[in-house]
Amino acid sequence: MMSSTVSVVRYHKPLESVQQAVNRCHGLDDVKPGMRVFVKPNIVFWTKTVAFPKWGVITTSRVVEDMIVLLKEKGVNDITIGEGMVTQSPKDGRTPAHAFATLGYRTLERRYGVKTINVFERPFEAVDLGDGVSLNFNTDILHSDLVVDLPAMKAHNQTVVSLGIKNLKGTIDIPSRKRCHNADPVKNLDYMVARLADRLPPVFTLIDGIYTLERGPGPDGSMRRSDILVASKDILSADMVGARLLGYPASQVPHLAMAAANRGRPTDLSDVRVVGEPIAELARPHHFDFPYTSDEHGELPLPLAKQGIKGVFYRKYDDTMCTYCSQLNGLTLTAIRFAWKGQAWDRIEILTGKRMNPTPGMQATILLGKCMYQKHKNNPDINRMIAVKGCPPRPSDIVKALHQAGIDADPGLFDNIDQLPGFFMARYQDRPEFEEGFFRVEG
């Protein structure tokens, strides 16, 4: 049985640590001058208005620059850094540009001659992934000679973990992303994600675990300083080791179990050779899920239920809620939390995603997003329908819907949605292990 090599390294020093991780798994041994290399960091969210809580959410600029230095030492001059980040408006080009500039990528362009692209401003090509699955990938990554995949190491509330394979979702177009979050019980999100690397050029994966994230993928999760790097020329092996470090055997991560089955591989690491630090010494459990509670008074995330909120049934999200609705999910729950004045609301139900069904007997049902509206616009089980039809929903329309249902949400929260990450940022203020310098490029 052929074995794949995965290196696990403690991060301790710029360049040297990344070089050690790469060399121990012989990650760049096949790289030749003249190759076209596509570098894929993870910049899942960004806001221009506050100091964004980057730790564990976004790939460190330190790791990005170190990898570029190693590629340049191999004689590679055609390097493209590409990402398709989530924004409120798919046509928003200013926020990605601001992210690239703030993270130091413009400095990398000047210093090393690399290119930085927002994949939404570039062409896409349809790729047949088999079994009737076709997704549109960025053309630059498809026509590269090597992909250098640089995910942040995080647990994920829909896919258990988000590592190398999941990070590639940032290279497909918006219709393809929405297609991944479909209501098919078989060809679901995990099924789609499991195939993302299958038709790409060779992929070298370096998982950036300098900071790790519990209950990701966004800034409302819990951020940790972990100082771990995981590297391999085999993306699935890197992910299976990364998952173990987050506390999950690959058999407990549906998209990794599916990817292994598709390749005829075991999930127990029996065909993986781990070099460097022992997994057992660095593994720390990272919860991936937000706990919810449900009784006759309501269904809510546990912190809101403990606050005493009653009369609202905000059912737990599922894997059909796409990224463009999910970025509004936390904001909507925050608005409900701040609107609570101690008096129970009158059985208000809020439905999200593509799979949920209304509960008979509710006084009002808010259908959050175009998918829910299209599914239930004629449903006789809804007593009073309040529809938010946008794709994605407009924040102002969510405010109106909450008001119509009797929830006096503060419009200011939605008017200043870009400020919300600052609320989470405050938890890490004055903690020396959370260094901004990892997300800057000096010079």
# chains A, B, ... in the order shown; residues from 1 in each chain; ligands from 1
>>> residues_around(residues="A:Ser17", least_positions_apart="3", cutoff="12 Å", atoms="only C-alpha atoms", output="mmCIF file with all heavy atoms, in the first residue's frame")
data_model
loop_
_atom_site.group_PDB
_atom_site.id
_atom_site.type_symbol
_atom_site.label_atom_id
_atom_site.label_comp_id
_atom_site.auth_asym_id
_atom_site.auth_seq_id
_atom_site.Cartn_x
_atom_site.Cartn_y
_atom_site.Cartn_z
ATOM 1 N N SER A 7 3.798 16.250 7.017
ATOM 2 C CA SER A 7 4.652 16.792 8.071
ATOM 3 C C SER A 7 3.823 17.646 9.025
ATOM 4 O O SER A 7 2.927 18.380 8.607
ATOM 5 C CB SER A 7 5.788 17.625 7.477
ATOM 6 O OG SER A 7 5.290 18.726 6.738
ATOM 7 N N VAL A 8 4.114 17.508 10.296
ATOM 8 C CA VAL A 8 3.471 18.304 11.345
ATOM 9 C C VAL A 8 4.585 19.018 12.096
ATOM 10 O O VAL A 8 5.488 18.375 12.648
ATOM 11 C CB VAL A 8 2.652 17.420 12.304
ATOM 12 C CG1 VAL A 8 2.028 18.273 13.408
ATOM 13 C CG2 VAL A 8 1.573 16.651 11.546
ATOM 14 N N VAL A 9 4.524 20.346 12.095
ATOM 15 C CA VAL A 9 5.613 21.165 12.623
ATOM 16 C C VAL A 9 5.037 22.197 13.580
ATOM 17 O O VAL A 9 3.970 22.759 13.341
ATOM 18 C CB VAL A 9 6.362 21.879 11.464
ATOM 19 C CG1 VAL A 9 7.329 22.925 11.982
ATOM 20 C CG2 VAL A 9 7.089 20.842 10.601
ATOM 21 N N ARG A 10 5.760 22.447 14.659
ATOM 22 C CA ARG A 10 5.407 23.569 15.538
ATOM 23 C C ARG A 10 5.935 24.857 14.915
ATOM 24 O O ARG A 10 7.114 24.937 14.552
ATOM 25 C CB ARG A 10 6.024 23.389 16.926
ATOM 26 C CG ARG A 10 5.439 22.239 17.734
ATOM 27 C CD ARG A 10 6.119 22.186 19.086
ATOM 28 N NE ARG A 10 5.753 21.004 19.847
ATOM 29 C CZ ARG A 10 4.746 20.934 20.721
ATOM 30 N NH1 ARG A 10 4.005 22.023 20.926
ATOM 31 N NH2 ARG A 10 4.487 19.822 21.379
ATOM 32 N N TYR A 11 5.076 25.854 14.805
ATOM 33 C CA TYR A 11 5.543 27.136 14.280
ATOM 34 C C TYR A 11 6.351 27.845 15.358
ATOM 35 O O TYR A 11 5.903 27.990 16.507
ATOM 36 C CB TYR A 11 4.369 28.026 13.859
ATOM 37 C CG TYR A 11 4.865 29.370 13.363
ATOM 38 C CD1 TYR A 11 5.257 29.517 12.045
ATOM 39 C CD2 TYR A 11 4.998 30.449 14.226
ATOM 40 C CE1 TYR A 11 5.763 30.721 11.582
ATOM 41 C CE2 TYR A 11 5.506 31.654 13.775
ATOM 42 C CZ TYR A 11 5.890 31.790 12.462
ATOM 43 O OH TYR A 11 6.408 32.973 12.014
ATOM 44 N N HIS A 12 7.558 28.304 14.975
ATOM 45 C CA HIS A 12 8.386 29.015 15.948
ATOM 46 C C HIS A 12 9.129 30.203 15.359
ATOM 47 O O HIS A 12 9.542 31.105 16.105
ATOM 48 C CB HIS A 12 9.401 28.060 16.596
ATOM 49 C CG HIS A 12 10.362 27.448 15.617
ATOM 50 N ND1 HIS A 12 11.561 28.020 15.300
ATOM 51 C CD2 HIS A 12 10.274 26.315 14.871
ATOM 52 C CE1 HIS A 12 12.184 27.266 14.413
ATOM 53 N NE2 HIS A 12 11.428 26.220 14.130
ATOM 54 N N LYS A 13 9.289 30.237 14.020
ATOM 55 C CA LYS A 13 10.111 31.298 13.454
ATOM 56 C C LYS A 13 9.689 31.565 12.010
ATOM 57 O O LYS A 13 9.423 30.618 11.260
ATOM 58 C CB LYS A 13 11.585 30.890 13.498
ATOM 59 C CG LYS A 13 12.561 31.998 13.141
ATOM 60 C CD LYS A 13 13.998 31.519 13.336
ATOM 61 C CE LYS A 13 14.998 32.627 13.032
ATOM 62 N NZ LYS A 13 16.390 32.168 13.215
ATOM 63 N N PRO A 14 9.625 32.844 11.593
ATOM 64 C CA PRO A 14 9.280 33.148 10.198
ATOM 65 C C PRO A 14 10.204 32.435 9.222
ATOM 66 O O PRO A 14 11.392 32.257 9.481
ATOM 67 C CB PRO A 14 9.461 34.672 10.117
ATOM 68 C CG PRO A 14 9.278 35.149 11.509
ATOM 69 C CD PRO A 14 9.828 34.065 12.390
ATOM 70 N N GLN A 20 10.668 24.183 7.036
ATOM 71 C CA GLN A 20 10.784 22.875 7.672
ATOM 72 C C GLN A 20 9.582 21.996 7.327
ATOM 73 O O GLN A 20 9.730 20.814 7.000
ATOM 74 C CB GLN A 20 10.888 23.065 9.188
ATOM 75 C CG GLN A 20 11.175 21.805 9.960
ATOM 76 C CD GLN A 20 11.294 22.086 11.443
ATOM 77 O OE1 GLN A 20 10.416 22.701 12.039
ATOM 78 N NE2 GLN A 20 12.393 21.650 12.044
ATOM 79 N N ALA A 21 8.375 22.578 7.381
ATOM 80 C CA ALA A 21 7.168 21.812 7.059
ATOM 81 C C ALA A 21 7.188 21.338 5.613
ATOM 82 O O ALA A 21 6.824 20.192 5.309
ATOM 83 C CB ALA A 21 5.931 22.661 7.318
ATOM 84 N N VAL A 22 7.624 22.206 4.709
ATOM 85 C CA VAL A 22 7.682 21.863 3.282
ATOM 86 C C VAL A 22 8.735 20.798 3.026
ATOM 87 O O VAL A 22 8.484 19.799 2.338
ATOM 88 C CB VAL A 22 7.966 23.129 2.445
ATOM 89 C CG1 VAL A 22 8.238 22.757 0.990
ATOM 90 C CG2 VAL A 22 6.794 24.103 2.534
ATOM 91 N N ASN A 23 9.912 20.983 3.593
ATOM 92 C CA ASN A 23 11.012 20.062 3.306
ATOM 93 C C ASN A 23 10.771 18.662 3.868
ATOM 94 O O ASN A 23 11.138 17.663 3.244
ATOM 95 C CB ASN A 23 12.315 20.625 3.863
ATOM 96 C CG ASN A 23 12.818 21.832 3.081
ATOM 97 O OD1 ASN A 23 12.334 22.097 1.981
ATOM 98 N ND2 ASN A 23 13.759 22.566 3.641
ATOM 99 N N ARG A 24 10.169 18.579 5.028
ATOM 100 C CA ARG A 24 9.973 17.271 5.657
ATOM 101 C C ARG A 24 9.013 16.373 4.876
ATOM 102 O O ARG A 24 9.096 15.157 4.960
ATOM 103 C CB ARG A 24 9.470 17.454 7.093
ATOM 104 C CG ARG A 24 10.557 17.879 8.062
ATOM 105 C CD ARG A 24 10.067 17.873 9.494
ATOM 106 N NE ARG A 24 11.166 18.124 10.422
ATOM 107 C CZ ARG A 24 11.037 18.133 11.743
ATOM 108 N NH1 ARG A 24 9.854 17.894 12.289
ATOM 109 N NH2 ARG A 24 12.071 18.368 12.513
ATOM 110 N N ARG A 62 1.947 35.970 7.042
ATOM 111 C CA ARG A 62 3.280 35.408 7.293
ATOM 112 C C ARG A 62 3.480 34.130 6.505
ATOM 113 O O ARG A 62 4.507 33.939 5.831
ATOM 114 C CB ARG A 62 3.408 35.124 8.795
ATOM 115 C CG ARG A 62 4.669 34.454 9.265
ATOM 116 C CD ARG A 62 5.865 35.380 9.219
ATOM 117 N NE ARG A 62 6.558 35.336 7.946
ATOM 118 C CZ ARG A 62 7.234 36.357 7.434
ATOM 119 N NH1 ARG A 62 7.302 37.511 8.062
ATOM 120 N NH2 ARG A 62 7.843 36.231 6.282
ATOM 121 N N VAL A 63 2.510 33.213 6.557
ATOM 122 C CA VAL A 63 2.624 31.943 5.841
ATOM 123 C C VAL A 63 2.575 32.167 4.337
ATOM 124 O O VAL A 63 3.315 31.522 3.577
ATOM 125 C CB VAL A 63 1.517 30.969 6.303
ATOM 126 C CG1 VAL A 63 1.370 29.810 5.333
ATOM 127 C CG2 VAL A 63 1.831 30.456 7.701
ATOM 128 N N ASP A 66 6.002 33.487 3.269
ATOM 129 C CA ASP A 66 7.033 32.452 3.380
ATOM 130 C C ASP A 66 6.940 31.451 2.241
ATOM 131 O O ASP A 66 7.963 31.007 1.696
ATOM 132 C CB ASP A 66 6.920 31.739 4.724
ATOM 133 C CG ASP A 66 7.342 32.612 5.894
ATOM 134 O OD1 ASP A 66 7.895 33.701 5.651
ATOM 135 O OD2 ASP A 66 7.104 32.214 7.056
ATOM 136 N N MET A 67 5.707 31.077 1.852
ATOM 137 C CA MET A 67 5.556 30.145 0.730
ATOM 138 C C MET A 67 6.024 30.775 -0.569
ATOM 139 O O MET A 67 6.647 30.106 -1.414
ATOM 140 C CB MET A 67 4.098 29.710 0.603
ATOM 141 C CG MET A 67 3.689 28.558 1.487
ATOM 142 S SD MET A 67 4.693 27.055 1.323
ATOM 143 C CE MET A 67 4.759 26.844 -0.445
ATOM 144 N N LEU A 70 9.777 30.569 -0.787
ATOM 145 C CA LEU A 70 10.243 29.228 -1.131
ATOM 146 C C LEU A 70 10.017 28.919 -2.608
ATOM 147 O O LEU A 70 10.851 28.267 -3.256
ATOM 148 C CB LEU A 70 9.540 28.195 -0.256
ATOM 149 C CG LEU A 70 9.820 28.288 1.247
ATOM 150 C CD1 LEU A 70 9.079 27.191 1.998
ATOM 151 C CD2 LEU A 70 11.315 28.210 1.537
ATOM 152 N N LEU A 206 -0.539 23.362 2.573
ATOM 153 C CA LEU A 206 0.075 23.743 3.845
ATOM 154 C C LEU A 206 -1.027 24.367 4.701
ATOM 155 O O LEU A 206 -1.518 25.454 4.397
ATOM 156 C CB LEU A 206 1.215 24.743 3.640
ATOM 157 C CG LEU A 206 1.855 25.264 4.927
ATOM 158 C CD1 LEU A 206 2.693 24.171 5.589
ATOM 159 C CD2 LEU A 206 2.716 26.483 4.666
ATOM 160 N N ASP A 208 -2.401 26.281 7.717
ATOM 161 C CA ASP A 208 -1.894 27.313 8.628
ATOM 162 C C ASP A 208 -2.662 27.219 9.950
ATOM 163 O O ASP A 208 -3.788 27.698 10.068
ATOM 164 C CB ASP A 208 -2.094 28.687 7.977
ATOM 165 C CG ASP A 208 -1.603 29.834 8.846
ATOM 166 O OD1 ASP A 208 -1.169 29.586 9.978
ATOM 167 O OD2 ASP A 208 -1.675 30.993 8.380
ATOM 168 N N GLY A 209 -2.024 26.608 10.932
ATOM 169 C CA GLY A 209 -2.614 26.505 12.255
ATOM 170 C C GLY A 209 -1.865 27.328 13.291
ATOM 171 O O GLY A 209 -1.897 26.990 14.483
ATOM 172 N N ILE A 210 -1.221 28.399 12.843
ATOM 173 C CA ILE A 210 -0.637 29.318 13.826
ATOM 174 C C ILE A 210 -1.750 29.782 14.764
ATOM 175 O O ILE A 210 -1.602 29.821 15.982
ATOM 176 C CB ILE A 210 0.051 30.507 13.124
ATOM 177 C CG1 ILE A 210 1.230 30.013 12.279
ATOM 178 C CG2 ILE A 210 0.527 31.535 14.164
ATOM 179 C CD1 ILE A 210 1.903 31.099 11.467
ATOM 180 N N ASP A 227 -0.042 27.448 16.945
ATOM 181 C CA ASP A 227 1.321 27.300 16.430
ATOM 182 C C ASP A 227 1.579 25.930 15.804
ATOM 183 O O ASP A 227 2.510 25.205 16.184
ATOM 184 C CB ASP A 227 2.355 27.577 17.528
ATOM 185 C CG ASP A 227 2.473 29.059 17.853
ATOM 186 O OD1 ASP A 227 2.297 29.874 16.933
ATOM 187 O OD2 ASP A 227 2.727 29.400 19.026
ATOM 188 N N ILE A 228 0.727 25.559 14.842
ATOM 189 C CA ILE A 228 0.855 24.279 14.145
ATOM 190 C C ILE A 228 0.886 24.530 12.642
ATOM 191 O O ILE A 228 0.132 25.348 12.119
ATOM 192 C CB ILE A 228 -0.331 23.344 14.464
ATOM 193 C CG1 ILE A 228 -0.430 23.065 15.964
ATOM 194 C CG2 ILE A 228 -0.220 22.034 13.688
ATOM 195 C CD1 ILE A 228 -1.698 22.324 16.353
ATOM 196 N N LEU A 229 1.748 23.805 11.938
ATOM 197 C CA LEU A 229 1.746 23.758 10.483
ATOM 198 C C LEU A 229 1.639 22.304 10.047
ATOM 199 O O LEU A 229 2.305 21.432 10.612
ATOM 200 C CB LEU A 229 3.018 24.381 9.904
ATOM 201 C CG LEU A 229 3.301 25.843 10.241
ATOM 202 C CD1 LEU A 229 4.676 26.247 9.694
ATOM 203 C CD2 LEU A 229 2.226 26.769 9.680
ATOM 204 N N VAL A 230 0.793 22.048 9.053
ATOM 205 C CA VAL A 230 0.614 20.702 8.500
ATOM 206 C C VAL A 230 0.813 20.797 6.991
ATOM 207 O O VAL A 230 0.209 21.665 6.345
ATOM 208 C CB VAL A 230 -0.790 20.148 8.812
ATOM 209 C CG1 VAL A 230 -0.978 18.778 8.165
ATOM 210 C CG2 VAL A 230 -1.026 20.075 10.313
ATOM 211 N N ALA A 231 1.635 19.930 6.416
ATOM 212 C CA ALA A 231 1.941 20.035 4.987
ATOM 213 C C ALA A 231 1.986 18.668 4.326
ATOM 214 O O ALA A 231 2.427 17.685 4.934
ATOM 215 C CB ALA A 231 3.274 20.762 4.778
ATOM 216 N N GLY A 276 7.643 14.480 11.905
ATOM 217 C CA GLY A 276 7.677 15.685 12.725
ATOM 218 C C GLY A 276 7.026 15.432 14.068
ATOM 219 O O GLY A 276 7.253 14.400 14.707
#
>>> residues_around(residues="A:Ser396", least_positions_apart="4", cutoff="10 Å", atoms="only C-alpha atoms", output="number ranges by chain")
A: 388, 400-401, 411-412, 414-415
>>> select_by_dssp(residues="stretch 299-408 of chain A", states="alpha helix (DSSP H)", output="PyMOL selection string")
chain A and resi 302-306+323-339+370-376+395-404
>>> write_last_selection(atoms="N, CA, C and O atoms", output="short mmCIF file (atom, residue, chain, number, x, y, z; two decimals), in the first residue's frame")
data_model
loop_
_atom_site.label_atom_id
_atom_site.label_comp_id
_atom_site.auth_asym_id
_atom_site.auth_seq_id
_atom_site.Cartn_x
_atom_site.Cartn_y
_atom_site.Cartn_z
N LEU A 302 -28.27 28.24 22.45
CA LEU A 302 -28.28 28.11 23.90
C LEU A 302 -28.06 29.44 24.64
O LEU A 302 -28.76 29.72 25.62
N PRO A 303 -27.12 30.31 24.21
CA PRO A 303 -26.93 31.57 24.93
C PRO A 303 -28.19 32.44 24.94
O PRO A 303 -28.47 33.11 25.94
N LEU A 304 -28.95 32.44 23.85
CA LEU A 304 -30.18 33.23 23.82
C LEU A 304 -31.25 32.60 24.70
O LEU A 304 -32.02 33.31 25.37
N ALA A 305 -31.31 31.27 24.70
CA ALA A 305 -32.27 30.60 25.57
C ALA A 305 -31.96 30.87 27.04
O ALA A 305 -32.86 31.10 27.84
N LYS A 306 -30.67 30.86 27.40
CA LYS A 306 -30.28 31.14 28.78
C LYS A 306 -30.61 32.58 29.17
O LYS A 306 -30.78 32.88 30.36
N THR A 323 -23.53 30.45 2.01
CA THR A 323 -22.67 31.42 2.69
C THR A 323 -23.27 32.81 2.68
O THR A 323 -23.09 33.57 3.63
N TYR A 324 -24.01 33.14 1.63
CA TYR A 324 -24.50 34.51 1.50
C TYR A 324 -25.69 34.78 2.42
O TYR A 324 -25.94 35.91 2.79
N CYS A 325 -26.41 33.74 2.83
CA CYS A 325 -27.42 33.88 3.88
C CYS A 325 -26.79 33.72 5.26
O CYS A 325 -27.19 34.39 6.21
N SER A 326 -25.81 32.83 5.36
CA SER A 326 -25.23 32.54 6.67
C SER A 326 -24.54 33.75 7.27
O SER A 326 -24.49 33.90 8.50
N GLN A 327 -24.01 34.65 6.43
CA GLN A 327 -23.36 35.84 6.98
C GLN A 327 -24.35 36.77 7.64
O GLN A 327 -23.97 37.63 8.44
N LEU A 328 -25.66 36.59 7.35
CA LEU A 328 -26.70 37.40 7.99
C LEU A 328 -27.34 36.67 9.17
O LEU A 328 -28.11 37.26 9.92
N ASN A 329 -27.05 35.40 9.32
CA ASN A 329 -27.68 34.59 10.36
C ASN A 329 -27.33 35.09 11.75
O ASN A 329 -28.21 35.32 12.59
N GLY A 330 -26.04 35.26 12.00
CA GLY A 330 -25.61 35.74 13.30
C GLY A 330 -26.12 37.13 13.61
O GLY A 330 -26.47 37.44 14.76
N LEU A 331 -26.17 37.98 12.58
CA LEU A 331 -26.67 39.34 12.78
C LEU A 331 -28.14 39.32 13.18
O LEU A 331 -28.58 40.06 14.08
N THR A 332 -28.93 38.48 12.52
CA THR A 332 -30.35 38.39 12.84
C THR A 332 -30.56 37.90 14.26
O THR A 332 -31.40 38.43 15.01
N LEU A 333 -29.80 36.89 14.67
CA LEU A 333 -29.90 36.40 16.05
C LEU A 333 -29.46 37.47 17.05
O LEU A 333 -30.06 37.61 18.13
N THR A 334 -28.43 38.22 16.70
CA THR A 334 -27.98 39.32 17.57
C THR A 334 -29.07 40.37 17.72
O THR A 334 -29.32 40.88 18.82
N ALA A 335 -29.77 40.68 16.63
CA ALA A 335 -30.85 41.66 16.68
C ALA A 335 -31.99 41.18 17.58
O ALA A 335 -32.58 41.97 18.34
N ILE A 336 -32.30 39.89 17.51
CA ILE A 336 -33.34 39.32 18.38
C ILE A 336 -32.91 39.41 19.83
O ILE A 336 -33.70 39.77 20.72
N ARG A 337 -31.64 39.11 20.07
CA ARG A 337 -31.12 39.14 21.43
C ARG A 337 -31.25 40.53 22.05
O ARG A 337 -31.69 40.68 23.20
N PHE A 338 -30.90 41.55 21.29
CA PHE A 338 -30.95 42.92 21.80
C PHE A 338 -32.37 43.48 21.85
O PHE A 338 -32.64 44.44 22.57
N ALA A 339 -33.28 42.87 21.08
CA ALA A 339 -34.67 43.34 21.08
C ALA A 339 -35.49 42.77 22.24
O ALA A 339 -36.60 43.24 22.50
N LYS A 370 -34.71 33.91 -0.61
CA LYS A 370 -35.45 33.50 -1.80
C LYS A 370 -35.79 32.01 -1.79
O LYS A 370 -36.89 31.62 -2.18
N CYS A 371 -34.86 31.17 -1.35
CA CYS A 371 -35.08 29.73 -1.38
C CYS A 371 -36.26 29.32 -0.50
O CYS A 371 -37.11 28.52 -0.91
N MET A 372 -36.30 29.87 0.71
CA MET A 372 -37.42 29.55 1.60
C MET A 372 -38.74 30.08 1.04
O MET A 372 -39.78 29.42 1.14
N TYR A 373 -38.70 31.27 0.47
CA TYR A 373 -39.93 31.84 -0.08
C TYR A 373 -40.45 30.99 -1.24
O TYR A 373 -41.65 30.67 -1.31
N GLN A 374 -39.58 30.61 -2.15
CA GLN A 374 -40.01 29.81 -3.30
C GLN A 374 -40.55 28.45 -2.85
O GLN A 374 -41.51 27.93 -3.44
N LYS A 375 -40.00 27.89 -1.80
CA LYS A 375 -40.43 26.58 -1.33
C LYS A 375 -41.80 26.63 -0.66
O LYS A 375 -42.62 25.71 -0.79
N HIS A 376 -42.08 27.75 0.03
CA HIS A 376 -43.27 27.78 0.89
C HIS A 376 -44.26 28.91 0.59
O HIS A 376 -45.16 29.15 1.40
N PRO A 395 -30.34 43.44 4.25
CA PRO A 395 -30.47 43.68 5.69
C PRO A 395 -31.69 44.52 6.05
O PRO A 395 -32.37 44.23 7.04
N SER A 396 -32.00 45.53 5.25
CA SER A 396 -33.16 46.38 5.55
C SER A 396 -34.46 45.59 5.48
O SER A 396 -35.41 45.86 6.23
N ASP A 397 -34.53 44.59 4.60
CA ASP A 397 -35.73 43.77 4.49
C ASP A 397 -35.87 42.83 5.69
O ASP A 397 -36.99 42.50 6.10
N ILE A 398 -34.75 42.39 6.24
CA ILE A 398 -34.81 41.56 7.45
C ILE A 398 -35.35 42.38 8.61
O ILE A 398 -36.19 41.90 9.40
N VAL A 399 -34.91 43.63 8.73
CA VAL A 399 -35.41 44.51 9.79
C VAL A 399 -36.93 44.66 9.67
O VAL A 399 -37.67 44.53 10.66
N LYS A 400 -37.41 44.93 8.46
CA LYS A 400 -38.85 45.09 8.25
C LYS A 400 -39.62 43.83 8.63
O LYS A 400 -40.69 43.91 9.25
N ALA A 401 -39.07 42.68 8.27
CA ALA A 401 -39.73 41.43 8.58
C ALA A 401 -39.82 41.21 10.09
O ALA A 401 -40.87 40.80 10.62
N LEU A 402 -38.74 41.47 10.81
CA LEU A 402 -38.76 41.32 12.26
C LEU A 402 -39.76 42.27 12.88
O LEU A 402 -40.51 41.89 13.80
N HIS A 403 -39.80 43.50 12.38
CA HIS A 403 -40.76 44.48 12.91
C HIS A 403 -42.19 44.02 12.66
O HIS A 403 -43.07 44.14 13.54
N GLN A 404 -42.45 43.50 11.46
CA GLN A 404 -43.80 43.02 11.15
C GLN A 404 -44.22 41.89 12.08
O GLN A 404 -45.41 41.73 12.40
#
>>> closest_residue(among="A:Thr95, A:Thr102, A:Asn262, A:Thr293", to="A:Leu129", atoms="only C-alpha atoms")
A:Asn262
>>> closest_residue(among="A:His156, A:Pro96, A:Ile172, A:Ala183", to="A:Leu246", atoms="only C-alpha atoms")
A:His156
>>> select_by_dssp(residues="stretch 41-212 of chain A", states="strand (DSSP E or B)", output="JSON, numbers by chain")
{"A": [41, 43, 55, 58, 78, 79, 80, 81, 82, 83, 115, 116, 117, 118, 124, 125, 126, 127, 128, 129, 130, 133, 134, 135, 136, 137, 138, 146, 147, 148, 149, 150, 152, 153, 154, 155, 156, 160, 161, 162, 172, 203, 204, 205, 206, 207, 208, 209, 210, 211, 212]}
>>> residues_around(residues="A:Asp295", least_positions_apart="2", cutoff="10 Å", atoms="only C-alpha atoms", output="list in words")
Thr293, His297, Gly298, Glu299, Leu300, Ala305, Lys310 and Phe313 of chain A
>>> write_last_selection(atoms="all heavy atoms", output="compact mmCIF listing (two decimals), in the first residue's frame")
# COMPACT_ATOMS: atom_id res chain seq x y z
N THR A 293 -31.18 24.89 21.78
CA THR A 293 -32.12 24.26 22.68
C THR A 293 -33.53 24.48 22.16
O THR A 293 -33.80 25.45 21.44
CB THR A 293 -32.00 24.83 24.11
OG1 THR A 293 -32.85 24.10 24.99
CG2 THR A 293 -32.38 26.30 24.15
N HIS A 297 -41.48 26.78 24.51
CA HIS A 297 -41.38 28.24 24.53
C HIS A 297 -40.58 28.80 23.36
O HIS A 297 -40.64 29.99 23.07
CB HIS A 297 -40.75 28.72 25.84
CG HIS A 297 -41.50 28.32 27.05
ND1 HIS A 297 -42.79 28.76 27.30
CD2 HIS A 297 -41.16 27.50 28.08
CE1 HIS A 297 -43.20 28.24 28.44
NE2 HIS A 297 -42.24 27.46 28.93
N GLY A 298 -39.79 27.94 22.69
CA GLY A 298 -39.00 28.44 21.58
C GLY A 298 -37.84 27.54 21.23
O GLY A 298 -37.54 26.59 21.96
N GLU A 299 -37.20 27.85 20.12
CA GLU A 299 -36.01 27.12 19.67
C GLU A 299 -34.96 28.16 19.31
O GLU A 299 -35.18 28.99 18.43
CB GLU A 299 -36.33 26.25 18.47
CG GLU A 299 -35.14 25.40 18.01
CD GLU A 299 -35.52 24.34 16.99
OE1 GLU A 299 -36.73 24.19 16.72
OE2 GLU A 299 -34.63 23.68 16.47
N LEU A 300 -33.82 28.12 20.01
CA LEU A 300 -32.83 29.18 19.90
C LEU A 300 -31.44 28.64 20.21
O LEU A 300 -31.30 27.59 20.86
CB LEU A 300 -33.14 30.30 20.90
CG LEU A 300 -34.28 31.26 20.59
CD1 LEU A 300 -34.61 32.09 21.82
CD2 LEU A 300 -33.94 32.16 19.41
N ALA A 305 -31.31 31.27 24.70
CA ALA A 305 -32.27 30.60 25.57
C ALA A 305 -31.96 30.87 27.04
O ALA A 305 -32.86 31.10 27.84
CB ALA A 305 -32.27 29.10 25.29
N LYS A 310 -38.21 33.99 24.93
CA LYS A 310 -39.29 33.04 24.70
C LYS A 310 -40.17 33.52 23.55
O LYS A 310 -40.25 34.71 23.27
CB LYS A 310 -40.14 32.86 25.96
CG LYS A 310 -39.44 32.16 27.12
CD LYS A 310 -40.36 32.03 28.32
CE LYS A 310 -39.71 31.16 29.40
NZ LYS A 310 -38.45 31.74 29.88
N PHE A 313 -39.01 30.79 17.54
CA PHE A 313 -38.52 29.49 17.09
C PHE A 313 -37.59 29.73 15.91
O PHE A 313 -38.04 29.84 14.76
CB PHE A 313 -39.70 28.58 16.72
CG PHE A 313 -40.56 28.21 17.89
CD1 PHE A 313 -41.48 29.12 18.41
CD2 PHE A 313 -40.43 26.98 18.51
CE1 PHE A 313 -42.27 28.79 19.50
CE2 PHE A 313 -41.21 26.64 19.60
CZ PHE A 313 -42.13 27.56 20.10
>>> residues_around(residues="A:Gly437", least_positions_apart="2", cutoff="12 Å", atoms="only C-alpha atoms", output="JSON, numbers by chain")
{"A": [14, 54, 55, 60, 61, 62, 63, 102, 103, 104, 432, 433, 434, 435, 439, 440, 441, 442]}
>>> residues_around(residues="A:Met356", least_positions_apart="5", cutoff="12 Å", atoms="only C-alpha atoms", output="ChimeraX atom specification")
/A:183,314-321,349-351,365-368,371-373,375-376
>>> closest_residue(among="A:Tyr211, A:Phe204, A:Tyr191, A:Phe120", to="A:Ser237", atoms="only C-alpha atoms")
A:Phe204
>>> closest_residue(among="A:Val241, A:Val312, A:Cys180, A:Ala259", to="A:Asp198", atoms="only C-alpha atoms")
A:Ala259
